[in-house]
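Trainee: Can you read through this structure? Questions will come right after.
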Amino acid sequence: MSYSKMSLAKPVMRGLLGKRLRFHLPIAFALSLMAAAAFKFGVTEPRKRAYADFYKNYDATKEFNNMREAGIFESVRPTGK
Amino acid sequence: MLATRALSLVSKRVISTSICVRGGHGVAKVDDYNPLPDVRFVTDLSPVQKSLKEKEKGSWATLSNDEKIALYRISFKKSFAEMNKGSNEWKSVVAGMLFFIGVTGLVVLWQRKFVYGPVPPTFETEWKEKELQRMLDMRINPVEGISAKWDYENKEWKK
């Protein structure tokens, strides 16, 4: 029983996980960093600016008086009464 | 990707291992085809097949292509192409899904008409307008939310 040699290349048996990681880890890192940067500059920075702008010229007494006139408080009535 | 392929092989194997095969198609349940069947497909060989099996014991170089295919068909029910072939089952599945979603929609409509009572008065337009006015008066969410979008000077929504 002798067989002629069939020449098929031996498949890769080792280093499969390493190869996969070397390919996917940089991509994963890059995408995560991009997501974090997008959130920082799309959400947190505008939000910080919005709060800063709101309080830059905020007059608490004026706002209080406006709210009082609108009649929402129970402890102080509008100035008419 | 690797995991899903391994899983599909395992699920095919599950069918065969749960069925007791005692050789020959005389048993009520036959091993459903998978890449690694327990028993050869054709168990009662015709004389031609028997002589072919004898020839197989010699050098395989002497076998013609037709003989090799015949030997394969003795051992296996389907080729890989036949085994992996897709079916039109998905159309029935989608049809069934849409049908039952439709039935659910009818049930919901019937419920709205015959089961549920009237909606509370707080949903009327007038009430909602008063609610919104009160929210604006209280300066709800004045930085980024609803009151931030209202122009208090001109008493209208900001452009």
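Note on naming: chains are A, B, ... as they come in the structure tokens, residues start from 1 per chain, ligands start from 1 in the order shown.
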I'd like to know which residues of segment 29-83 of chain B are helix (DSSP H, G or I) (by DSSP, run on the backbone); could you write them as a ChimeraX atom specification?

Mentor: /B:47-56,60-62,65-75,80-83

Trainee: Give as a PyMOL selection string every residue of chain A that touches chain B within 12 Å, counting only C-alpha atoms.

Mentor: chain A and resi 1-6+16-17+20+43+46-56+58+60+63-73

Trainee: Using only C-alpha atoms, which residues sit within 8 Å of segment 83-91 of chain B once same-chain residues fewer than 5 positions away are excluded, as a list of chain:residue names?

Mentor: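 Final neighbour list, sorted by chain and number: B:Tyr33, B:Asn34, B:Lys78.
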
Trainee: Could you tell me how far atom CA of Leu63 of chain B sits from atom CA of Glu82 of chain B, in Å to one decimal place?

Mentor: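 Distance between the two atoms: 23.7 Å.
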
Trainee: Quick one, how far is atom CA of Lys159 of chain B from atom CA of Trp127 of chain B?

Mentor: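 Spanning atom CA of Lys159 of chain B to atom CA of Trp127 of chain B is a straight-line distance of 25.2 Å.
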
Trainee: Which distance in Å separates atom CA of Phe76 of chain B and atom CA of Leu45 of chain B, to one decimal?

Mentor: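 Answer for the atom CA of Phe76 of chain B to atom CA of Leu45 of chain B separation: 13.4 Å.
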